[in-house]
$ cat upload03.cif   # mmCIF, C-alpha atoms and all ligand atoms
data_start
#
loop_
_atom_site.label_atom_id
_atom_site.label_comp_id
_atom_site.auth_asym_id
_atom_site.auth_seq_id
_atom_site.Cartn_x
_atom_site.Cartn_y
_atom_site.Cartn_z
CA MET A 1 89.10 95.29 105.96
CA LYS A 2 92.74 95.49 107.05
CA VAL A 3 93.62 98.95 108.35
CA VAL A 4 96.93 100.37 109.52
CA ALA A 5 96.85 103.54 111.61
CA LEU A 6 99.95 105.66 112.14
CA ALA A 7 99.85 107.33 115.54
CA GLY A 8 101.66 109.43 118.08
CA GLY A 9 100.37 110.00 121.62
CA VAL A 10 97.05 111.22 122.99
CA GLY A 11 95.17 112.34 119.80
CA GLY A 12 96.34 109.30 117.88
CA ALA A 13 95.39 106.97 120.71
CA LYS A 14 91.86 108.39 120.86
CA LEU A 15 91.18 107.69 117.19
CA ALA A 16 92.89 104.29 117.48
CA TRP A 17 90.47 103.51 120.33
CA GLY A 18 87.52 104.49 118.09
CA LEU A 19 88.84 102.34 115.25
CA ALA A 20 89.26 99.44 117.67
CA GLN A 21 85.54 99.64 118.55
CA VAL A 22 84.49 99.58 114.90
CA LEU A 23 86.90 97.08 113.32
CA LYS A 24 87.40 93.40 114.09
CA ASN A 25 90.40 92.79 116.36
CA ASP A 26 92.59 91.33 113.63
CA GLU A 27 91.74 94.13 111.21
CA LEU A 28 93.57 96.91 113.06
CA THR A 29 97.30 97.51 113.39
CA ILE A 30 98.70 100.68 114.92
CA ILE A 31 102.26 101.69 114.06
CA VAL A 32 103.42 104.06 116.78
CA ASN A 33 106.04 106.80 116.96
CA THR A 34 109.08 105.96 119.09
CA GLY A 35 110.96 109.24 118.55
CA ASP A 36 109.67 110.41 121.96
CA ASP A 37 111.27 107.42 123.72
CA PHE A 38 113.96 108.15 126.24
CA ILE A 39 115.82 106.78 129.21
CA HIS A 40 114.86 108.40 132.49
CA LEU A 41 116.09 107.29 135.92
CA GLY A 42 117.62 104.31 134.11
CA LEU A 43 114.26 103.21 132.71
CA ASN A 44 113.28 102.79 129.05
CA ILE A 45 110.17 104.89 128.55
CA SER A 46 108.07 104.77 125.37
CA PRO A 47 105.41 107.42 126.02
CA ASP A 48 103.47 107.12 122.75
CA ILE A 49 103.40 103.33 122.77
CA ASP A 50 102.22 103.41 126.38
CA THR A 51 99.55 106.02 125.65
CA VAL A 52 98.19 103.91 122.79
CA CYS A 53 98.34 100.70 124.89
CA TYR A 54 96.71 102.21 127.98
CA THR A 55 94.01 103.82 125.85
CA LEU A 56 93.17 100.62 123.99
CA ALA A 57 93.15 98.71 127.28
CA ASN A 58 90.86 101.35 128.84
CA LEU A 59 93.54 101.99 131.46
CA ALA A 60 94.54 105.54 130.48
CA ASN A 61 94.21 108.53 132.75
CA PRO A 62 91.06 110.21 131.38
CA SER A 63 92.11 113.75 132.31
CA THR A 64 95.65 113.78 130.84
CA GLY A 65 95.23 111.13 128.13
CA TRP A 66 98.69 109.78 129.07
CA GLY A 67 99.71 107.71 132.08
CA ARG A 68 97.49 105.35 134.07
CA ASN A 69 94.02 105.78 135.53
CA ASP A 70 93.63 105.61 139.33
CA GLU A 71 97.34 106.37 139.57
CA CYS A 72 99.36 107.24 142.66
CA PHE A 73 102.73 109.01 142.84
CA PHE A 74 104.44 107.78 146.02
CA CYS A 75 107.68 107.03 144.18
CA LEU A 76 107.74 110.51 142.61
CA GLU A 77 107.23 112.09 146.05
CA GLU A 78 110.19 110.12 147.40
CA LEU A 79 112.32 111.10 144.39
CA LYS A 80 111.64 114.75 145.24
CA LYS A 81 112.95 114.19 148.78
CA PHE A 82 116.19 112.84 147.29
CA SER A 83 116.44 115.80 144.87
CA ALA A 84 116.28 113.28 142.02
CA PRO A 85 114.86 114.38 138.63
CA ASP A 86 111.14 114.81 139.19
CA TRP A 87 110.08 116.81 136.13
CA PHE A 88 108.64 113.78 134.36
CA ASN A 89 105.53 112.62 136.17
CA LEU A 90 105.93 108.90 136.50
CA GLY A 91 103.13 107.27 138.44
CA ASP A 92 103.64 104.12 140.46
CA LYS A 93 101.53 101.84 138.22
CA ASP A 94 103.19 103.29 135.14
CA LEU A 95 106.62 102.70 136.73
CA ALA A 96 105.87 98.98 136.98
CA LEU A 97 105.45 98.82 133.21
CA HIS A 98 108.73 100.71 132.63
CA LEU A 99 110.53 98.33 134.99
CA VAL A 100 109.23 95.33 133.07
CA ARG A 101 110.10 96.87 129.68
CA THR A 102 113.59 97.89 130.82
CA ASN A 103 114.38 94.43 132.15
CA LEU A 104 113.07 92.61 129.09
CA LEU A 105 115.12 94.91 126.82
CA LYS A 106 118.18 94.19 129.01
CA ASP A 107 117.48 90.47 128.51
CA GLY A 108 117.77 91.02 124.75
CA TRP A 109 114.11 91.32 123.75
CA THR A 110 113.31 93.77 120.98
CA LEU A 111 110.96 96.70 121.62
CA SER A 112 108.32 95.09 119.39
CA GLN A 113 108.56 91.81 121.33
CA VAL A 114 108.26 93.70 124.62
CA THR A 115 105.29 95.68 123.28
CA ARG A 116 103.54 92.49 122.14
CA TYR A 117 104.12 90.95 125.59
CA LEU A 118 102.79 94.02 127.40
CA CYS A 119 99.75 94.13 125.08
CA GLU A 120 98.98 90.47 125.85
CA LYS A 121 99.20 91.20 129.58
CA MET A 122 96.83 94.16 129.16
CA ALA A 123 94.45 91.99 127.07
CA ILE A 124 94.82 94.25 124.04
CA GLN A 125 93.53 92.39 120.98
CA GLN A 126 94.79 94.75 118.28
CA SER A 127 98.34 94.83 117.02
CA ILE A 128 100.50 97.70 118.32
CA ILE A 129 103.90 97.95 116.66
CA PRO A 130 106.72 100.42 117.37
CA MET A 131 107.96 102.20 114.23
CA SER A 132 111.44 100.82 114.92
CA ASP A 133 113.20 98.41 117.25
CA THR A 134 116.37 100.48 117.14
CA PRO A 135 116.36 103.78 119.06
CA VAL A 136 115.33 106.99 117.34
CA SER A 137 115.50 110.26 119.31
CA THR A 138 113.55 113.31 118.28
CA LEU A 139 115.66 116.40 118.84
CA VAL A 140 113.99 119.79 118.89
CA HIS A 141 116.19 122.67 117.79
CA THR A 142 115.23 125.79 119.71
CA LYS A 143 116.15 129.45 119.53
CA GLU A 144 116.61 129.93 123.27
CA LEU A 145 117.99 126.62 124.55
CA GLY A 146 119.73 125.00 121.58
CA VAL A 147 119.01 121.35 120.83
CA LEU A 148 116.67 119.65 123.29
CA PRO A 149 115.75 115.96 123.54
CA PHE A 150 112.01 115.77 122.90
CA GLN A 151 110.79 115.10 126.46
CA GLU A 152 112.91 117.96 127.81
CA TYR A 153 111.35 120.27 125.24
CA PHE A 154 107.84 118.91 125.81
CA VAL A 155 107.61 118.25 129.54
CA LYS A 156 110.54 119.97 131.28
CA HIS A 157 110.23 123.19 129.26
CA GLN A 158 106.48 122.84 128.56
CA CYS A 159 107.01 123.45 124.80
CA GLN A 160 107.93 127.08 125.62
CA PRO A 161 111.18 127.41 123.60
CA THR A 162 110.81 128.53 119.99
CA MET A 163 111.32 125.63 117.61
CA THR A 164 113.67 126.33 114.70
CA GLY A 165 113.81 122.77 113.39
CA VAL A 166 113.59 119.13 114.29
CA ASP A 167 115.63 116.07 113.53
CA PHE A 168 115.53 112.41 114.35
CA GLU A 169 118.76 110.93 115.63
CA GLY A 170 119.19 107.30 114.58
CA ILE A 171 116.53 107.45 111.86
CA GLU A 172 118.91 106.19 109.12
CA LEU A 173 119.32 102.93 111.04
CA ALA A 174 115.65 102.62 111.98
CA GLU A 175 113.85 99.62 110.59
CA LEU A 176 110.13 98.95 110.68
CA PRO A 177 109.71 95.63 112.55
CA GLU A 178 108.74 92.68 110.34
CA ALA A 179 105.20 92.62 111.73
CA GLY A 180 104.84 96.24 110.65
CA VAL A 181 106.03 95.47 107.12
CA LYS A 182 103.54 92.57 106.94
CA SER A 183 100.68 94.70 108.21
CA LEU A 184 101.43 97.45 105.68
CA ASN A 185 101.70 94.92 102.86
CA GLU A 186 98.30 93.50 103.79
CA ALA A 187 96.64 96.84 104.56
CA GLU A 188 93.78 98.02 102.39
CA ARG A 189 93.56 101.41 104.10
CA ILE A 190 96.10 103.64 105.86
CA ILE A 191 94.93 106.21 108.37
CA ILE A 192 97.17 108.96 109.68
CA CYS A 193 95.77 109.79 113.10
CA PRO A 194 95.35 113.39 114.32
CA SER A 195 98.81 113.44 115.88
CA ASN A 196 101.46 116.14 115.59
CA PRO A 197 102.70 116.07 111.95
CA TRP A 198 106.15 117.48 112.88
CA VAL A 199 107.16 115.27 115.77
CA SER A 200 104.76 112.31 115.86
CA ILE A 201 103.98 111.36 112.26
CA GLN A 202 107.09 112.73 110.50
CA PRO A 203 109.47 110.32 112.31
CA ILE A 204 107.28 107.34 111.34
CA LEU A 205 107.25 108.47 107.70
CA LYS A 206 111.04 108.88 107.78
CA VAL A 207 111.72 105.27 108.78
CA PRO A 208 113.66 104.01 105.75
CA GLY A 209 111.42 102.11 103.33
CA LEU A 210 108.17 102.82 105.17
CA ARG A 211 106.84 105.46 102.80
CA SER A 212 107.19 103.19 99.79
CA LEU A 213 104.99 100.61 101.56
CA LEU A 214 102.20 103.22 101.56
CA SER A 215 102.54 104.16 97.92
CA ASP A 216 99.86 101.86 96.48
CA LYS A 217 97.30 102.28 99.28
CA PRO A 218 94.68 104.93 99.85
CA VAL A 219 95.97 107.11 102.68
CA VAL A 220 93.65 109.31 104.73
CA ALA A 221 94.88 111.79 107.33
CA VAL A 222 92.86 113.43 110.07
CA SER A 223 93.74 117.03 110.91
CA PRO A 224 95.05 117.63 114.45
CA ILE A 225 94.38 121.34 113.91
CA ILE A 226 90.85 122.59 114.43
CA GLY A 227 90.03 126.26 113.94
CA GLY A 228 93.75 127.12 113.76
CA LYS A 229 94.49 125.51 117.15
CA THR A 230 95.60 122.10 118.38
CA VAL A 231 93.41 120.29 120.86
CA LYS A 232 96.52 119.23 122.78
CA GLY A 233 100.24 119.72 122.29
CA PRO A 234 102.38 122.14 120.31
CA ALA A 235 101.52 121.33 116.66
CA ALA A 236 99.93 124.74 115.92
CA LYS A 237 102.78 126.54 117.71
CA MET A 238 105.30 124.54 115.66
CA PHE A 239 103.62 125.49 112.37
CA SER A 240 103.75 129.18 113.38
CA GLU A 241 107.39 128.97 114.43
CA MET A 242 108.27 127.31 111.13
CA GLY A 243 106.69 130.29 109.36
CA ILE A 244 103.43 128.58 108.39
CA GLN A 245 99.99 129.85 109.42
CA PRO A 246 98.54 126.95 111.46
CA SER A 247 95.40 125.54 109.85
CA ALA A 248 93.90 122.31 108.59
CA PHE A 249 95.05 123.41 105.13
CA ALA A 250 98.66 123.70 106.40
CA VAL A 251 98.46 120.10 107.63
CA ALA A 252 97.06 118.96 104.26
CA GLN A 253 100.01 120.65 102.54
CA PHE A 254 102.41 118.98 104.98
CA TYR A 255 101.07 115.59 103.77
CA ARG A 256 100.83 116.58 100.10
CA GLY A 257 101.97 113.78 97.78
CA LEU A 258 101.23 111.16 100.43
CA ILE A 259 97.52 111.35 101.19
CA GLU A 260 94.48 110.99 98.95
CA GLY A 261 91.92 112.09 101.50
CA PHE A 262 91.91 114.57 104.37
CA VAL A 263 89.45 114.76 107.23
CA ILE A 264 88.93 118.22 108.71
CA ASP A 265 86.57 119.57 111.31
CA ASN A 266 83.25 121.18 110.38
CA VAL A 267 84.56 124.54 111.68
CA ASP A 268 87.22 124.48 108.92
CA LYS A 269 84.75 123.74 106.12
CA GLU A 270 85.70 126.90 104.21
CA GLN A 271 89.21 125.43 103.66
CA MET A 272 87.84 122.55 101.58
CA HIS A 273 88.36 124.32 98.26
CA GLU A 274 92.02 125.18 98.83
CA ILE A 275 92.66 121.59 100.03
CA GLU A 276 91.00 120.31 96.86
CA ARG A 277 93.25 122.55 94.79
CA CYS A 278 96.25 120.62 96.27
CA GLY A 279 94.83 117.45 94.69
CA ILE A 280 93.57 116.12 98.04
CA ILE A 281 89.94 115.16 98.60
CA PRO A 282 88.60 116.75 101.82
CA ILE A 283 85.69 115.84 104.03
CA ALA A 284 84.40 117.88 106.97
CA VAL A 285 82.98 116.11 110.04
CA ASN A 286 83.11 116.49 113.81
CA THR A 287 86.74 115.66 114.72
CA LEU A 288 86.85 116.97 118.29
CA MET A 289 87.00 113.66 120.19
CA SER A 290 85.61 114.91 123.47
CA ASP A 291 83.82 111.66 124.33
CA ASN A 292 83.77 108.01 123.36
CA SER A 293 80.75 108.28 121.09
CA ILE A 294 82.49 111.01 119.06
CA ARG A 295 85.65 108.87 118.82
CA ILE A 296 83.56 106.01 117.45
CA GLY A 297 81.68 108.38 115.12
CA LEU A 298 84.94 109.80 113.78
CA ALA A 299 86.38 106.30 113.26
CA LYS A 300 83.25 105.34 111.28
CA ASP A 301 83.43 108.57 109.22
CA VAL A 302 87.12 108.06 108.43
CA LEU A 303 86.62 104.42 107.41
CA ALA A 304 83.58 105.21 105.25
CA PHE A 305 85.46 108.10 103.62
CA SER A 306 88.52 105.92 102.93
CA GLU A 307 86.23 103.39 101.19
CA THR A 308 85.37 106.02 98.61
CA LEU A 309 89.01 106.80 97.77
CA MET A 310 91.10 105.16 95.15
CA LYS A 311 94.86 105.49 94.84
CA VAL A 312 95.47 107.94 92.03
N1 LIG B 401 103.39 114.65 129.53
C1 LIG B 401 103.47 115.79 130.22
O1 LIG B 401 103.07 116.84 129.71
N2 LIG B 401 103.98 115.79 131.50
C2 LIG B 401 104.42 114.67 132.11
O2 LIG B 401 104.90 114.72 133.23
C3 LIG B 401 104.31 113.43 131.38
C4 LIG B 401 104.65 112.23 131.95
C5 LIG B 401 104.46 111.03 131.24
C6 LIG B 401 104.75 109.80 131.81
C7 LIG B 401 104.57 108.63 131.11
C8 LIG B 401 104.09 108.69 129.80
O3 LIG B 401 103.92 107.55 129.11
C9 LIG B 401 103.80 109.89 129.20
C10 LIG B 401 103.96 111.08 129.91
N3 LIG B 401 103.65 112.31 129.36
C11 LIG B 401 103.78 113.47 130.07
C12 LIG B 401 103.16 112.42 127.99
C13 LIG B 401 104.24 112.36 126.95
O4 LIG B 401 105.48 112.71 127.34
C14 LIG B 401 103.83 113.15 125.70
O5 LIG B 401 102.45 113.23 125.57
C15 LIG B 401 104.26 112.50 124.45
O6 LIG B 401 105.58 112.14 124.39
C16 LIG B 401 103.88 113.34 123.23
O7 LIG B 401 103.18 112.52 122.40
#

$ encode --input "upload03.cif" --output "structure tokens" --more "lines below"
Ligand code: FO1
Amino acid sequence: MKVVALAGGVGGAKLAWGLAQVLKNDELTIIVNTGDDFIHLGLNISPDIDTVCYTLANLANPSTGWGRNDECFFCLEELKKFSAPDWFNLGDKDLALHLVRTNLLKDGWTLSQVTRYLCEKMAIQQSIIPMSDTPVSTLVHTKELGVLPFQEYFVKHQCQPTMTGVDFEGIELAELPEAGVKSLNEAERIIICPSNPWVSIQPILKVPGLRSLLSDKPVVAVSPIIGGKTVKGPAAKMFSEMGIQPSAFAVAQFYRGLIEGFVIDNVDKEQMHEIERCGIIPIAVNTLMSDNSIRIGLAKDVLAFSETLMKV
């Protein structure tokens, strides 16, 4: 069964890892947000792509979910001595990957070619495709500090400023790489991972032409909000700041018109009726991916659920 997952960073990568354990290698494609990408210290950094790659390669830092395992930070320590920007924690092993990516891009490779190359080197068998080869920059509009590039909002300011809106610079020119178009054409199931709907999934869905490629497939989303809170990241805070009570139901409404099925956590079971009233079929399972067996269990639940759904 050909499956395409849409994913942002840590939460998306965890479910992608579960799906990778359950599906055959050639059955899974992950289309990843690149709105978080930025240039830092002259290096092209693609945090969500790297998080998905490291996770699938079993190389991710288990405590943060991003960055490398068994990492060291000698370069960062030296940067501090030179009063160079040190707010973004780049580890030494991670830096090597950014150096390779930056140089290949300078040599004229596309981001999807670079990603395929890096995946091969990390022995990743599944297909990981950036949502676009041309740059897209997520800009967070804030009450206190004006417009902030995503990583400045997220890492430098620790998601503290109040979000008043978000936009995606360069999105009109974004183009899903050919391999992504092919994978969506061949897909029998689409899974929206439990990533931030505002800043991880929304940019993917806004890539021109992408949404129409989903229109005849059953789409299932997994809620990143459990019991009114996000496991990681600012999704719940963003819903509140946009005037919406954060809940699984709020996420279902965000995806209304796109998804047929919605996976929520058991603790949110009482929201099933209101989700149903939106014309979306809900299922409640354990979605808190605190260990590998739960990630695999959730992947199995999502796939089995998607089997039961027909495009309406
Ligand atoms: N997230 C942080 O909260 N602090 C960091 O210093 C940080 C460094 C970092 C380095 C490489 C990388 O690939 C990701 C990194 N992240 C860091 C995570 C990342 O910025 C965010 O998780 C995503 O952009 C949101 O999905």

$ closest_residue --input "upload03.cif" --among "A:Gly11, A:Pro208, A:Pro203, A:Pro62" --to "ligand LIG 401 (chain B)" --atoms "all atoms listed in the file"
A:Gly11

$ residues_near_ligand --input "upload03.cif" --ligand "ligand LIG 401 (chain B)" --cutoff "8 Å" --atoms "only C-alpha atoms and all ligand atoms" --output "JSON, numbers by chain"
{"A": [8, 9, 10, 36, 37, 45, 46, 47, 48, 49, 50, 51, 64, 65, 66, 67, 87, 88, 89, 90, 91, 94, 150, 151, 154, 155, 156, 158, 195, 196, 200, 233]}

$ atom_distance --input "upload03.cif" --atom1 "atom CA of Tyr255 of chain A" --atom2 "atom CA of Glu152 of chain A"
26.9 Å

$ residues_around --input "upload03.cif" --residues "Thr134 of chain A" --least-positions-apart "3" --cutoff "9 Å" --atoms "only C-alpha atoms" --output "list in words"
Thr110, Leu111, Gly170, Ile171, Leu173, Ala174 and Glu175 of chain A

$ atom_distance --input "upload03.cif" --atom1 "atom CA of Ala84 of chain A" --atom2 "atom CA of Glu71 of chain A"
20.3 Å

$ residues_near_point --input "upload03.cif" --point "(95.7, 130.3, 113.5)" --cutoff "8 Å" --atoms "all atoms listed in the file" --output "list in words"
Gly227, Gly228, Lys229, Ala236, Gln245, Pro246 and Ser247 of chain A

$ residues_near_point --input "upload03.cif" --point "(93.1, 122.2, 110.8)" --cutoff "7 Å" --atoms "only C-alpha atoms" --output "list in words"
Ser223, Pro224, Ile225, Ile226, Gly227, Gly228, Ser247, Ala248, Phe249, Val251, Ile264 and Asp268 of chain A

$ closest_residue --input "upload03.cif" --among "A:Cys75, A:Leu95, A:Met122, A:Val22" --to "Cys53 of chain A" --atoms "all atoms listed in the file"
A:Met122

$ atom_distance --input "upload03.cif" --atom1 "atom CA of Ile30 of chain A" --atom2 "atom CA of Ser306 of chain A"
16.6 Å

$ residues_around --input "upload03.cif" --residues "Pro161 of chain A" --least-positions-apart "6" --cutoff "7 Å" --atoms "all atoms listed in the file" --output "VMD selection string"
chain A and resid 142 to 145

$ residues_around --input "upload03.cif" --residues "Arg295 of chain A" --least-positions-apart "6" --cutoff "7 Å" --atoms "only C-alpha atoms" --output "mmCIF file with C-alpha atoms, in the coordinates of the input"
data_model
loop_
_atom_site.group_PDB
_atom_site.id
_atom_site.type_symbol
_atom_site.label_atom_id
_atom_site.label_comp_id
_atom_site.auth_asym_id
_atom_site.auth_seq_id
_atom_site.Cartn_x
_atom_site.Cartn_y
_atom_site.Cartn_z
ATOM 1 C CA LYS A 14 91.860 108.390 120.860
ATOM 2 C CA LEU A 15 91.180 107.690 117.190
ATOM 3 C CA GLY A 18 87.520 104.490 118.090
ATOM 4 C CA MET A 289 87.000 113.660 120.190
#

$ closest_residue --input "upload03.cif" --among "A:Leu28, A:Leu97, A:Ile280, A:Val285" --to "Arg68 of chain A" --atoms "all atoms listed in the file"
A:Leu97

$ decode --input "upload03.cif" --residues "segment 22-44 of chain A" --atoms "N, CA, C and O atoms" --output "PDB file, in the first residue's frame"
ATOM      1  N   VAL A  22       6.428  -0.374   9.832  1.00  0.00           N
ATOM      2  CA  VAL A  22       5.242  -1.181   9.528  1.00  0.00           C
ATOM      3  C   VAL A  22       5.098  -1.417   8.014  1.00  0.00           C
ATOM      4  O   VAL A  22       4.641  -2.470   7.585  1.00  0.00           O
ATOM      5  N   LEU A  23       5.510  -0.408   7.229  1.00  0.00           N
ATOM      6  CA  LEU A  23       5.349  -0.500   5.774  1.00  0.00           C
ATOM      7  C   LEU A  23       6.626  -1.035   5.126  1.00  0.00           C
ATOM      8  O   LEU A  23       7.712  -0.948   5.713  1.00  0.00           O
ATOM      9  N   LYS A  24       6.480  -1.551   3.896  1.00  0.00           N
ATOM     10  CA  LYS A  24       7.685  -1.917   3.142  1.00  0.00           C
ATOM     11  C   LYS A  24       8.409  -0.621   2.758  1.00  0.00           C
ATOM     12  O   LYS A  24       7.776   0.429   2.620  1.00  0.00           O
ATOM     13  N   ASN A  25       9.732  -0.729   2.541  1.00  0.00           N
ATOM     14  CA  ASN A  25      10.526   0.483   2.288  1.00  0.00           C
ATOM     15  C   ASN A  25       9.981   1.331   1.148  1.00  0.00           C
ATOM     16  O   ASN A  25       9.943   2.552   1.232  1.00  0.00           O
ATOM     17  N   ASP A  26       9.572   0.655   0.057  1.00  0.00           N
ATOM     18  CA  ASP A  26       9.137   1.438  -1.117  1.00  0.00           C
ATOM     19  C   ASP A  26       7.683   1.891  -1.012  1.00  0.00           C
ATOM     20  O   ASP A  26       7.142   2.483  -1.941  1.00  0.00           O
ATOM     21  N   GLU A  27       7.050   1.601   0.122  1.00  0.00           N
ATOM     22  CA  GLU A  27       5.649   2.001   0.277  1.00  0.00           C
ATOM     23  C   GLU A  27       5.500   3.372   0.943  1.00  0.00           C
ATOM     24  O   GLU A  27       4.408   3.918   0.970  1.00  0.00           O
ATOM     25  N   LEU A  28       6.584   3.873   1.531  1.00  0.00           N
ATOM     26  CA  LEU A  28       6.459   5.108   2.322  1.00  0.00           C
ATOM     27  C   LEU A  28       7.264   6.268   1.741  1.00  0.00           C
ATOM     28  O   LEU A  28       8.475   6.153   1.513  1.00  0.00           O
ATOM     29  N   THR A  29       6.551   7.370   1.508  1.00  0.00           N
ATOM     30  CA  THR A  29       7.202   8.630   1.120  1.00  0.00           C
ATOM     31  C   THR A  29       6.820   9.669   2.163  1.00  0.00           C
ATOM     32  O   THR A  29       5.662   9.726   2.589  1.00  0.00           O
ATOM     33  N   ILE A  30       7.779  10.477   2.559  1.00  0.00           N
ATOM     34  CA  ILE A  30       7.477  11.546   3.518  1.00  0.00           C
ATOM     35  C   ILE A  30       7.793  12.875   2.836  1.00  0.00           C
ATOM     36  O   ILE A  30       8.929  13.109   2.409  1.00  0.00           O
ATOM     37  N   ILE A  31       6.769  13.705   2.713  1.00  0.00           N
ATOM     38  CA  ILE A  31       6.962  15.058   2.163  1.00  0.00           C
ATOM     39  C   ILE A  31       7.100  15.989   3.359  1.00  0.00           C
ATOM     40  O   ILE A  31       6.243  16.020   4.248  1.00  0.00           O
ATOM     41  N   VAL A  32       8.216  16.727   3.398  1.00  0.00           N
ATOM     42  CA  VAL A  32       8.592  17.439   4.625  1.00  0.00           C
ATOM     43  C   VAL A  32       8.564  18.959   4.420  1.00  0.00           C
ATOM     44  O   VAL A  32       8.993  19.476   3.377  1.00  0.00           O
ATOM     45  N   ASN A  33       8.103  19.641   5.458  1.00  0.00           N
ATOM     46  CA  ASN A  33       8.086  21.105   5.487  1.00  0.00           C
ATOM     47  C   ASN A  33       9.496  21.680   5.325  1.00  0.00           C
ATOM     48  O   ASN A  33      10.442  21.230   5.976  1.00  0.00           O
ATOM     49  N   THR A  34       9.615  22.712   4.477  1.00  0.00           N
ATOM     50  CA  THR A  34      10.903  23.403   4.375  1.00  0.00           C
ATOM     51  C   THR A  34      10.772  24.889   4.746  1.00  0.00           C
ATOM     52  O   THR A  34      11.716  25.657   4.566  1.00  0.00           O
ATOM     53  N   GLY A  35       9.590  25.263   5.269  1.00  0.00           N
ATOM     54  CA  GLY A  35       9.400  26.658   5.667  1.00  0.00           C
ATOM     55  C   GLY A  35      10.296  27.073   6.829  1.00  0.00           C
ATOM     56  O   GLY A  35      10.534  28.267   7.047  1.00  0.00           O
ATOM     57  N   ASP A  36      10.791  26.076   7.589  1.00  0.00           N
ATOM     58  CA  ASP A  36      11.682  26.373   8.729  1.00  0.00           C
ATOM     59  C   ASP A  36      13.136  26.542   8.287  1.00  0.00           C
ATOM     60  O   ASP A  36      13.996  26.863   9.106  1.00  0.00           O
ATOM     61  N   ASP A  37      13.418  26.269   7.007  1.00  0.00           N
ATOM     62  CA  ASP A  37      14.808  26.315   6.533  1.00  0.00           C
ATOM     63  C   ASP A  37      15.348  27.729   6.639  1.00  0.00           C
ATOM     64  O   ASP A  37      14.623  28.698   6.462  1.00  0.00           O
ATOM     65  N   PHE A  38      16.627  27.819   6.903  1.00  0.00           N
ATOM     66  CA  PHE A  38      17.242  29.148   6.939  1.00  0.00           C
ATOM     67  C   PHE A  38      18.741  29.030   6.729  1.00  0.00           C
ATOM     68  O   PHE A  38      19.293  27.926   6.702  1.00  0.00           O
ATOM     69  N   ILE A  39      19.349  30.209   6.526  1.00  0.00           N
ATOM     70  CA  ILE A  39      20.805  30.226   6.381  1.00  0.00           C
ATOM     71  C   ILE A  39      21.378  30.794   7.667  1.00  0.00           C
ATOM     72  O   ILE A  39      20.969  31.865   8.130  1.00  0.00           O
ATOM     73  N   HIS A  40      22.260  30.038   8.274  1.00  0.00           N
ATOM     74  CA  HIS A  40      22.843  30.437   9.561  1.00  0.00           C
ATOM     75  C   HIS A  40      24.345  30.201   9.469  1.00  0.00           C
ATOM     76  O   HIS A  40      24.768  29.113   9.057  1.00  0.00           O
ATOM     77  N   LEU A  41      25.117  31.224   9.813  1.00  0.00           N
ATOM     78  CA  LEU A  41      26.581  31.138   9.713  1.00  0.00           C
ATOM     79  C   LEU A  41      27.010  30.702   8.301  1.00  0.00           C
ATOM     80  O   LEU A  41      27.970  29.958   8.116  1.00  0.00           O
ATOM     81  N   GLY A  42      26.212  31.127   7.320  1.00  0.00           N
ATOM     82  CA  GLY A  42      26.536  30.807   5.921  1.00  0.00           C
ATOM     83  C   GLY A  42      26.137  29.404   5.501  1.00  0.00           C
ATOM     84  O   GLY A  42      26.407  28.985   4.373  1.00  0.00           O
ATOM     85  N   LEU A  43      25.468  28.658   6.392  1.00  0.00           N
ATOM     86  CA  LEU A  43      25.121  27.272   6.080  1.00  0.00           C
ATOM     87  C   LEU A  43      23.624  27.117   5.814  1.00  0.00           C
ATOM     88  O   LEU A  43      22.801  27.731   6.507  1.00  0.00           O
ATOM     89  N   ASN A  44      23.285  26.283   4.835  1.00  0.00           N
ATOM     90  CA  ASN A  44      21.872  25.992   4.558  1.00  0.00           C
ATOM     91  C   ASN A  44      21.401  24.912   5.523  1.00  0.00           C
ATOM     92  O   ASN A  44      21.872  23.781   5.480  1.00  0.00           O
TER      93      ASN A  44
END
